[in-house]
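Content type mmCIF, C-alpha atoms, from the file upload15.cif:
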data_entry
#
loop_
_atom_site.label_atom_id
_atom_site.label_comp_id
_atom_site.auth_asym_id
_atom_site.auth_seq_id
_atom_site.Cartn_x
_atom_site.Cartn_y
_atom_site.Cartn_z
CA MET A 1 12.51 -5.32 -29.24
CA CYS A 2 13.16 -8.43 -27.22
CA TRP A 3 13.55 -12.06 -28.15
CA ILE A 4 14.09 -14.25 -25.08
CA SER A 5 16.18 -17.29 -25.82
CA VAL A 6 15.28 -20.73 -24.53
CA SER A 7 18.21 -20.59 -22.12
CA GLN A 8 17.11 -17.20 -20.79
CA LEU A 9 13.57 -18.48 -20.30
CA LYS A 10 14.80 -21.57 -18.49
CA SER A 11 16.96 -19.35 -16.27
CA LEU A 12 14.00 -17.08 -15.49
CA LEU A 13 11.74 -20.02 -14.61
CA SER A 14 14.46 -21.65 -12.55
CA ARG A 15 15.11 -18.41 -10.71
CA ALA A 16 11.45 -17.95 -9.91
CA GLY A 17 10.90 -21.53 -8.79
CA GLY A 18 14.09 -21.70 -6.76
CA PHE A 19 13.40 -18.41 -5.04
CA LEU A 20 9.89 -19.35 -4.08
CA LEU A 21 11.12 -22.61 -2.56
CA GLY A 22 13.74 -20.84 -0.49
CA SER A 23 11.93 -17.65 0.39
CA ALA A 24 9.81 -19.14 3.15
CA LEU A 25 12.95 -20.22 4.99
CA ASN A 26 14.67 -16.84 4.84
CA ALA A 27 11.90 -14.23 4.92
CA PRO A 28 12.19 -11.68 7.76
CA SER A 29 9.59 -11.63 10.55
CA LEU A 30 7.92 -14.77 9.22
CA THR A 31 5.04 -16.45 10.97
CA SER A 32 2.68 -19.14 9.78
CA SER A 33 -0.75 -20.02 11.07
CA SER A 34 -0.25 -23.69 10.12
CA SER A 35 2.47 -26.12 9.23
CA SER A 36 0.56 -27.04 6.10
CA PRO A 37 2.35 -26.05 2.84
CA ALA A 38 -0.90 -24.50 1.64
CA ALA A 39 -1.21 -22.18 4.65
CA MET A 40 -0.98 -18.43 4.06
CA GLU A 41 2.31 -17.03 5.33
CA THR A 42 2.40 -13.67 7.09
CA HIS A 43 5.31 -11.25 6.91
CA LYS A 44 5.90 -7.99 8.76
CA THR A 45 8.06 -5.29 7.21
CA LYS A 46 8.77 -1.60 7.42
CA VAL A 47 8.50 -1.16 3.66
CA CYS A 48 6.77 -3.27 1.03
CA ILE A 49 7.44 -2.43 -2.63
CA VAL A 50 5.15 -3.62 -5.40
CA GLY A 51 6.72 -3.60 -8.86
CA SER A 52 9.74 -4.84 -10.79
CA GLY A 53 11.05 -2.06 -13.02
CA PRO A 54 13.53 0.77 -12.48
CA ALA A 55 11.22 2.61 -10.07
CA ALA A 56 10.70 -0.44 -7.85
CA HIS A 57 14.34 -1.46 -7.77
CA THR A 58 15.66 2.06 -7.21
CA ALA A 59 13.25 2.36 -4.28
CA ALA A 60 14.44 -1.03 -3.02
CA ILE A 61 18.12 -0.08 -3.27
CA TYR A 62 17.61 3.15 -1.33
CA ALA A 63 15.36 1.53 1.26
CA ALA A 64 17.72 -1.40 1.78
CA ARG A 65 20.74 0.88 2.17
CA ALA A 66 18.75 2.76 4.82
CA GLU A 67 18.44 -0.55 6.74
CA LEU A 68 14.68 -0.74 6.20
CA LYS A 69 14.87 -4.37 4.98
CA PRO A 70 12.26 -3.98 2.24
CA LEU A 71 10.19 -6.75 0.74
CA LEU A 72 9.64 -6.47 -3.01
CA PHE A 73 6.95 -8.31 -4.95
CA GLU A 74 7.98 -8.36 -8.61
CA GLY A 75 4.93 -10.24 -9.84
CA TRP A 76 4.71 -13.20 -12.17
CA MET A 77 3.38 -12.33 -15.62
CA ALA A 78 1.41 -9.49 -14.06
CA ASN A 79 -0.37 -7.64 -16.88
CA ASP A 80 1.03 -10.36 -19.18
CA ILE A 81 4.56 -9.01 -18.78
CA ALA A 82 7.49 -10.87 -17.22
CA PRO A 83 9.13 -9.58 -14.01
CA GLY A 84 11.05 -6.48 -14.99
CA GLY A 85 8.17 -4.72 -16.69
CA GLN A 86 8.23 -3.03 -20.06
CA LEU A 87 12.02 -3.02 -20.27
CA THR A 88 11.87 -6.77 -20.77
CA THR A 89 9.98 -6.19 -24.02
CA THR A 90 12.71 -4.12 -25.66
CA THR A 91 16.13 -5.03 -27.01
CA ASP A 92 18.69 -2.22 -27.02
CA VAL A 93 18.39 0.36 -24.25
CA GLU A 94 20.60 3.25 -25.36
CA ASN A 95 19.34 6.17 -23.27
CA PHE A 96 20.04 4.93 -19.73
CA PRO A 97 23.25 6.49 -18.31
CA GLY A 98 26.18 4.21 -17.63
CA PHE A 99 25.92 2.03 -20.71
CA PRO A 100 27.71 3.84 -23.56
CA GLU A 101 27.40 0.82 -25.85
CA GLY A 102 23.77 0.21 -24.93
CA ILE A 103 22.38 -2.78 -23.08
CA LEU A 104 19.58 -5.26 -23.66
CA GLY A 105 16.42 -4.51 -21.72
CA ILE A 106 16.36 -7.94 -20.09
CA ASP A 107 19.99 -7.53 -19.03
CA ILE A 108 19.58 -4.12 -17.39
CA VAL A 109 16.57 -5.42 -15.47
CA GLU A 110 18.67 -8.32 -14.17
CA LYS A 111 21.31 -5.82 -13.02
CA PHE A 112 18.60 -3.83 -11.20
CA ARG A 113 17.50 -7.01 -9.45
CA LYS A 114 20.99 -8.09 -8.41
CA GLN A 115 21.75 -4.65 -6.99
CA SER A 116 18.53 -4.72 -4.95
CA GLU A 117 19.42 -8.14 -3.55
CA ARG A 118 22.99 -7.10 -2.83
CA PHE A 119 21.79 -4.65 -0.20
CA GLY A 120 19.33 -7.04 1.40
CA THR A 121 16.03 -6.62 -0.44
CA LYS A 122 13.91 -9.76 -0.20
CA ILE A 123 12.28 -10.40 -3.57
CA PHE A 124 9.21 -12.54 -4.17
CA THR A 125 8.22 -13.59 -7.69
CA GLU A 126 4.53 -13.35 -6.83
CA THR A 127 1.75 -10.97 -7.82
CA VAL A 128 0.03 -8.76 -5.28
CA ASN A 129 -3.65 -9.09 -6.15
CA LYS A 130 -5.31 -7.32 -3.22
CA VAL A 131 -4.51 -4.59 -0.70
CA ASP A 132 -6.13 -3.12 2.40
CA PHE A 133 -5.08 0.45 3.16
CA SER A 134 -8.01 1.17 5.48
CA SER A 135 -5.96 0.65 8.65
CA LYS A 136 -2.37 0.33 9.79
CA PRO A 137 -0.28 -1.66 9.36
CA PHE A 138 -1.21 -1.85 5.70
CA LYS A 139 -2.09 -5.28 4.33
CA LEU A 140 -1.07 -6.72 0.97
CA PHE A 141 -2.03 -10.14 -0.34
CA THR A 142 -0.74 -12.63 -2.89
CA ASP A 143 -2.12 -16.10 -3.46
CA SER A 144 0.14 -17.48 -0.72
CA ARG A 145 1.20 -14.58 1.51
CA THR A 146 -0.08 -11.73 3.59
CA VAL A 147 2.22 -8.77 4.25
CA LEU A 148 1.80 -6.29 7.09
CA ALA A 149 3.73 -3.13 6.17
CA ASP A 150 4.30 0.20 7.88
CA ALA A 151 4.81 1.86 4.49
CA VAL A 152 4.05 0.81 0.92
CA ILE A 153 5.55 1.90 -2.41
CA ILE A 154 3.41 1.22 -5.48
CA SER A 155 5.49 1.03 -8.68
CA THR A 156 3.53 -1.32 -10.90
CA GLY A 157 3.96 0.72 -14.08
CA ALA A 158 1.69 1.14 -17.08
CA VAL A 159 1.25 -0.99 -20.18
CA ALA A 160 1.14 0.49 -23.66
CA LYS A 161 -2.13 -0.20 -25.43
CA ARG A 162 -1.79 -2.14 -28.66
CA LEU A 163 -4.06 -3.10 -31.50
CA SER A 164 -4.40 -6.71 -32.52
CA PHE A 165 -4.20 -7.55 -36.22
CA ALA A 166 -2.27 -9.87 -38.49
CA GLY A 167 1.45 -9.35 -38.00
CA SER A 168 1.18 -7.12 -34.91
CA GLY A 169 1.99 -9.76 -32.33
CA GLU A 170 5.07 -11.50 -31.02
CA GLY A 171 6.58 -14.76 -32.16
CA ALA A 172 6.30 -16.37 -35.57
CA GLY A 173 4.60 -14.16 -38.11
CA GLY A 174 4.58 -11.14 -35.83
CA PHE A 175 6.67 -7.99 -36.02
CA TRP A 176 6.30 -6.66 -32.48
CA ASN A 177 9.72 -5.30 -31.46
CA ARG A 178 11.00 -6.07 -34.94
CA GLY A 179 9.58 -2.98 -36.55
CA ILE A 180 6.49 -2.41 -34.43
CA SER A 181 6.78 -0.39 -31.22
CA ALA A 182 4.73 1.66 -28.80
CA CYS A 183 7.41 4.19 -27.82
CA ALA A 184 8.95 6.55 -30.35
CA VAL A 185 11.24 8.15 -27.77
CA CYS A 186 12.53 4.72 -26.72
CA ASP A 187 12.95 3.12 -30.14
CA GLY A 188 12.72 5.80 -32.80
CA ALA A 189 16.48 6.26 -33.09
CA ALA A 190 17.10 2.56 -33.73
CA PRO A 191 18.91 1.79 -37.01
CA ILE A 192 15.95 -0.16 -38.42
CA PHE A 193 13.89 3.05 -38.39
CA ARG A 194 16.44 5.59 -39.56
CA ASN A 195 15.70 7.17 -42.92
CA LYS A 196 12.76 4.82 -43.41
CA PRO A 197 9.06 5.59 -43.94
CA LEU A 198 7.16 5.15 -40.68
CA VAL A 199 3.54 5.00 -39.56
CA VAL A 200 1.99 6.25 -36.33
CA ILE A 201 -1.38 4.82 -35.29
CA GLY A 202 -3.37 7.16 -33.08
CA GLY A 203 -5.41 10.32 -33.15
CA GLY A 204 -4.60 12.31 -30.00
CA ASP A 205 -1.94 14.73 -28.86
CA SER A 206 0.42 11.91 -27.94
CA ALA A 207 0.21 10.53 -31.48
CA MET A 208 1.12 13.93 -32.91
CA GLU A 209 4.03 14.20 -30.50
CA GLU A 210 5.25 10.73 -31.48
CA ALA A 211 4.99 11.56 -35.19
CA ASN A 212 6.82 14.84 -34.71
CA PHE A 213 9.59 13.08 -32.81
CA LEU A 214 9.98 10.45 -35.51
CA THR A 215 10.58 13.07 -38.21
CA LYS A 216 14.09 13.36 -36.77
CA TYR A 217 14.88 9.81 -37.84
CA GLY A 218 12.43 8.46 -40.40
CA SER A 219 12.19 9.70 -43.97
CA LYS A 220 8.43 10.14 -43.61
CA ALA A 221 5.92 9.82 -40.77
CA TYR A 222 2.35 8.98 -41.68
CA GLY A 223 -0.57 9.13 -39.31
CA ASP A 224 -3.36 6.55 -39.39
CA GLU A 225 -6.16 5.40 -37.13
CA SER A 226 -7.36 2.29 -38.94
CA GLY A 227 -5.02 -0.22 -37.31
CA LYS A 228 -5.02 -2.49 -40.41
CA GLY A 229 -2.12 -4.15 -42.12
CA VAL A 230 1.26 -5.74 -41.41
CA LEU A 231 4.83 -4.51 -41.18
CA GLY A 232 6.70 -4.03 -44.46
CA GLY A 233 3.54 -2.71 -46.00
CA LEU A 234 0.25 -1.50 -44.61
CA LYS A 235 -3.18 -1.71 -46.13
CA VAL A 236 -4.99 1.43 -45.04
CA LYS A 237 -8.72 1.75 -45.43
CA ASN A 238 -10.35 5.15 -45.82
CA VAL A 239 -13.25 4.91 -43.37
CA VAL A 240 -15.24 7.48 -45.37
CA THR A 241 -14.89 6.20 -48.93
CA GLY A 242 -14.00 2.60 -48.20
CA ASP A 243 -10.99 2.79 -50.52
CA VAL A 244 -8.00 0.61 -49.55
CA SER A 245 -4.46 1.70 -50.34
CA ASP A 246 -0.99 0.26 -49.74
CA LEU A 247 1.76 2.01 -47.81
CA LYS A 248 5.34 0.80 -48.08
CA VAL A 249 6.71 1.34 -44.57
CA SER A 250 9.44 -0.07 -42.36
CA GLY A 251 8.12 0.88 -38.95
CA LEU A 252 4.84 1.19 -37.11
CA PHE A 253 4.29 2.95 -33.79
CA PHE A 254 1.19 2.61 -31.64
CA ALA A 255 0.27 5.85 -29.89
CA ILE A 256 -3.13 5.01 -28.49
CA GLY A 257 -2.39 5.45 -24.82
CA HIS A 258 -1.30 3.43 -21.81
CA GLU A 259 -3.13 1.55 -19.09
CA PRO A 260 -1.68 1.98 -15.58
CA ALA A 261 -1.58 -1.18 -13.48
CA THR A 262 -3.86 0.04 -10.70
CA LYS A 263 -6.88 -2.27 -10.82
CA PHE A 264 -5.60 -4.35 -7.89
CA LEU A 265 -5.83 -1.22 -5.71
CA ASP A 266 -9.62 -1.45 -5.99
CA GLY A 267 -10.20 2.28 -5.56
CA GLN A 268 -8.27 2.61 -2.30
CA LEU A 269 -5.98 5.29 -3.70
CA GLU A 270 -7.04 8.41 -5.57
CA VAL A 271 -6.49 8.03 -9.30
CA ASP A 272 -7.11 10.41 -12.18
CA GLU A 273 -9.56 9.95 -15.04
CA ASP A 274 -7.12 7.63 -16.83
CA GLY A 275 -6.40 5.47 -13.80
CA TYR A 276 -2.99 6.89 -12.85
CA VAL A 277 -2.26 7.23 -9.13
CA VAL A 278 -2.46 10.86 -8.05
CA THR A 279 0.54 12.10 -6.06
CA LYS A 280 1.13 15.36 -4.24
CA PRO A 281 3.15 17.65 -6.56
CA GLY A 282 6.86 17.42 -5.92
CA THR A 283 6.51 14.20 -3.90
CA THR A 284 5.46 10.58 -4.26
CA LYS A 285 2.80 10.86 -1.53
CA THR A 286 -0.60 9.45 -2.42
CA SER A 287 -4.05 10.10 -0.96
CA VAL A 288 -3.27 7.60 1.84
CA VAL A 289 -0.62 8.71 4.32
CA GLY A 290 2.17 6.12 4.32
CA VAL A 291 1.51 4.87 0.78
CA PHE A 292 3.72 6.20 -1.99
CA ALA A 293 3.73 5.80 -5.78
CA ALA A 294 6.65 5.89 -8.21
CA GLY A 295 7.30 5.31 -11.89
CA ASP A 296 4.85 5.05 -14.75
CA VAL A 297 1.95 4.15 -12.47
CA GLN A 298 1.83 7.85 -11.55
CA ASP A 299 3.58 9.40 -14.56
CA LYS A 300 1.47 9.82 -17.68
CA LYS A 301 3.80 12.34 -19.32
CA TYR A 302 7.42 11.19 -19.44
CA ARG A 303 7.22 7.38 -19.06
CA GLN A 304 10.95 6.77 -19.31
CA ALA A 305 13.13 4.30 -17.40
CA ILE A 306 15.36 7.06 -16.07
CA THR A 307 12.48 9.21 -14.81
CA ALA A 308 10.95 6.12 -13.20
CA ALA A 309 14.22 5.47 -11.40
CA GLY A 310 14.24 9.07 -10.15
CA THR A 311 10.78 8.79 -8.65
CA GLY A 312 11.76 5.44 -7.12
CA CYS A 313 14.50 7.26 -5.23
CA MET A 314 11.99 9.90 -4.16
CA ALA A 315 9.55 7.27 -2.92
CA ALA A 316 12.17 5.54 -0.80
CA LEU A 317 13.24 8.84 0.77
CA ASP A 318 9.62 9.88 1.35
CA ALA A 319 8.93 6.51 2.98
CA GLU A 320 12.03 6.74 5.15
CA HIS A 321 11.02 10.21 6.39
CA TYR A 322 7.49 8.98 7.06
CA LEU A 323 8.78 6.04 9.11
CA GLN A 324 10.99 8.38 11.11
CA GLU A 325 7.98 10.56 11.86
CA ILE A 326 5.74 7.75 13.06
CA GLY A 327 8.66 6.23 14.96
CA SER A 328 9.21 9.45 16.90
CA GLN A 329 5.49 9.70 17.63
CA GLU A 330 4.69 6.08 18.51
CA GLY A 331 8.00 4.62 19.54
CA LYS A 332 10.14 2.22 17.58
CA SER A 333 8.24 0.43 14.80
CA ASP A 334 8.29 -3.36 14.55
#
For the structure just supplied, provide its representation as structure tokens.
Amino acid sequence: MCWISVSQLKSLLSRAGGFLLGSALNAPSLTSSSSSPAAMETHKTKVCIVGSGPAAHTAAIYAARAELKPLLFEGWMANDIAPGGQLTTTTDVENFPGFPEGILGIDIVEKFRKQSERFGTKIFTETVNKVDFSSKPFKLFTDSRTVLADAVIISTGAVAKRLSFAGSGEGAGGFWNRGISACAVCDGAAPIFRNKPLVVIGGGDSAMEEANFLTKYGSKAYGDESGKGVLGGLKVKNVVTGDVSDLKVSGLFFAIGHEPATKFLDGQLEVDEDGYVVTKPGTTKTSVVGVFAAGDVQDKKYRQAITAAGTGCMAALDAEHYLQEIGSQEGKSD
């Protein structure tokens, strides 16, 4: 439930532009094949983290405190979401420990970022669009950089699927994050939904779970698969009879699944039938030794900021142990 003010947007753009201008001067292990501004820059690092949410930054904090000097690529409008991931699309975050009064999603993400930088994480506001895990060191590519990494942590998250219809979007005339959501657990307890009639759009187990959860807060929870209508009142069409009826509701929740951000991996890691990265149970280890996955990109069940942060910690520790192992076998890593 997030509205970004003009000042916040200007700050975000300024931060991104300023960082990109300065990053080439301060990046560790930096080499360049040409003095031309358009030349691809190459960086070497022990750990490269791809992502910008709680999983990525928790991994960065742990890796940086372990003196691994991680590089983190937070992306720029990757999957049409600003750096910070899905938390930037919500207003009050009330279920993350340490904030008894709640905190805005965009503000907690900024705190994550500052804490990562405090311990020495180098952050690039660029999107990794290609990887090569076929040999070591691993290679990651943006439009302007190549990274050679001994270990990689993938924490690119997953995006909730949404239907597009009149009133479902953001901005003027839209009710997204002002009564329309895609996470009952995240937003269902918000005051605007309490003791109000609510609608869940979806037809699978997750939709039933969302509807059941919402019965704790809303006065009624309807289920519907038509995807028609606008907030404040829905027009629902019976797909069998063709009859159209009106529902007076105050909240609508999409429960039609999520899409993990794994396309850029181009099949180089094992994923399940829904595209989530497969990890070894009890770890963040993927099908490629030295590549780890954390957060919603490998979690199709819980999908919460706090669980993402937990797996981010796990990924950093798994990566640290891996680097110790290869260091003892091959000598000190670059």
Problem set entry | Answer key for the PyMOL selection byres ((chain A and resi 262-271) around 12), residues as a PyMOL selection string | chain A and resi 50-51+78-79+127-135+138-142+152+154-159+258-261+272-280+285-293+296-300
Kindly export the residues of the current selection with C-alpha atoms, as a PDB file, in the frame of the given file.
ATOM      1  CA  VAL A  50       5.150  -3.620  -5.400  1.00  0.00           C
ATOM      2  CA  GLY A  51       6.720  -3.600  -8.860  1.00  0.00           C
ATOM      3  CA  ALA A  78       1.410  -9.490 -14.060  1.00  0.00           C
ATOM      4  CA  ASN A  79      -0.370  -7.640 -16.880  1.00  0.00           C
ATOM      5  CA  THR A 127       1.750 -10.970  -7.820  1.00  0.00           C
ATOM      6  CA  VAL A 128       0.030  -8.760  -5.280  1.00  0.00           C
ATOM      7  CA  ASN A 129      -3.650  -9.090  -6.150  1.00  0.00           C
ATOM      8  CA  LYS A 130      -5.310  -7.320  -3.220  1.00  0.00           C
ATOM      9  CA  VAL A 131      -4.510  -4.590  -0.700  1.00  0.00           C
ATOM     10  CA  ASP A 132      -6.130  -3.120   2.400  1.00  0.00           C
ATOM     11  CA  PHE A 133      -5.080   0.450   3.160  1.00  0.00           C
ATOM     12  CA  SER A 134      -8.010   1.170   5.480  1.00  0.00           C
ATOM     13  CA  SER A 135      -5.960   0.650   8.650  1.00  0.00           C
ATOM     14  CA  PHE A 138      -1.210  -1.850   5.700  1.00  0.00           C
ATOM     15  CA  LYS A 139      -2.090  -5.280   4.330  1.00  0.00           C
ATOM     16  CA  LEU A 140      -1.070  -6.720   0.970  1.00  0.00           C
ATOM     17  CA  PHE A 141      -2.030 -10.140  -0.340  1.00  0.00           C
ATOM     18  CA  THR A 142      -0.740 -12.630  -2.890  1.00  0.00           C
ATOM     19  CA  VAL A 152       4.050   0.810   0.920  1.00  0.00           C
ATOM     20  CA  ILE A 154       3.410   1.220  -5.480  1.00  0.00           C
ATOM     21  CA  SER A 155       5.490   1.030  -8.680  1.00  0.00           C
ATOM     22  CA  THR A 156       3.530  -1.320 -10.900  1.00  0.00           C
ATOM     23  CA  GLY A 157       3.960   0.720 -14.080  1.00  0.00           C
ATOM     24  CA  ALA A 158       1.690   1.140 -17.080  1.00  0.00           C
ATOM     25  CA  VAL A 159       1.250  -0.990 -20.180  1.00  0.00           C
ATOM     26  CA  HIS A 258      -1.300   3.430 -21.810  1.00  0.00           C
ATOM     27  CA  GLU A 259      -3.130   1.550 -19.090  1.00  0.00           C
ATOM     28  CA  PRO A 260      -1.680   1.980 -15.580  1.00  0.00           C
ATOM     29  CA  ALA A 261      -1.580  -1.180 -13.480  1.00  0.00           C
ATOM     30  CA  ASP A 272      -7.110  10.410 -12.180  1.00  0.00           C
ATOM     31  CA  GLU A 273      -9.560   9.950 -15.040  1.00  0.00           C
ATOM     32  CA  ASP A 274      -7.120   7.630 -16.830  1.00  0.00           C
ATOM     33  CA  GLY A 275      -6.400   5.470 -13.800  1.00  0.00           C
ATOM     34  CA  TYR A 276      -2.990   6.890 -12.850  1.00  0.00           C
ATOM     35  CA  VAL A 277      -2.260   7.230  -9.130  1.00  0.00           C
ATOM     36  CA  VAL A 278      -2.460  10.860  -8.050  1.00  0.00           C
ATOM     37  CA  THR A 279       0.540  12.100  -6.060  1.00  0.00           C
ATOM     38  CA  LYS A 280       1.130  15.360  -4.240  1.00  0.00           C
ATOM     39  CA  LYS A 285       2.800  10.860  -1.530  1.00  0.00           C
ATOM     40  CA  THR A 286      -0.600   9.450  -2.420  1.00  0.00           C
ATOM     41  CA  SER A 287      -4.050  10.100  -0.960  1.00  0.00           C
ATOM     42  CA  VAL A 288      -3.270   7.600   1.840  1.00  0.00           C
ATOM     43  CA  VAL A 289      -0.620   8.710   4.320  1.00  0.00           C
ATOM     44  CA  GLY A 290       2.170   6.120   4.320  1.00  0.00           C
ATOM     45  CA  VAL A 291       1.510   4.870   0.780  1.00  0.00           C
ATOM     46  CA  PHE A 292       3.720   6.200  -1.990  1.00  0.00           C
ATOM     47  CA  ALA A 293       3.730   5.800  -5.780  1.00  0.00           C
ATOM     48  CA  ASP A 296       4.850   5.050 -14.750  1.00  0.00           C
ATOM     49  CA  VAL A 297       1.950   4.150 -12.470  1.00  0.00           C
ATOM     50  CA  GLN A 298       1.830   7.850 -11.550  1.00  0.00           C
ATOM     51  CA  ASP A 299       3.580   9.400 -14.560  1.00  0.00           C
ATOM     52  CA  LYS A 300       1.470   9.820 -17.680  1.00  0.00           C
TER      53      LYS A 300
END
For this session: Find the distance between CA of Phe112 (chain A) and CA of Ala59 (chain A) and write it in Å to one decimal.
Result: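 Separating CA of Phe112 (chain A) from CA of Ala59 (chain A) is a distance of 10.7 Å.
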For this session: List, as an MDAnalysis selection string, every residue that the PyMOL selection byres ((chain A and resi 64) around 10) selects in the file provided.
Result: chainID A and resid 47 58:63 65:71 116:122 316
For this session: Would you work out the distance separating CA of Ile306 (chain A) from CA of Thr88 (chain A), expressed in Å to one decimal?
Result: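 Computed distance, CA of Ile306 (chain A) to CA of Thr88 (chain A), equals 15.0 Å.
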For this session: Work out how far apart CA of Gly174 (chain A) and CA of Glu126 (chain A) are and give it in Å to one decimal.
Result: 29.1 Å
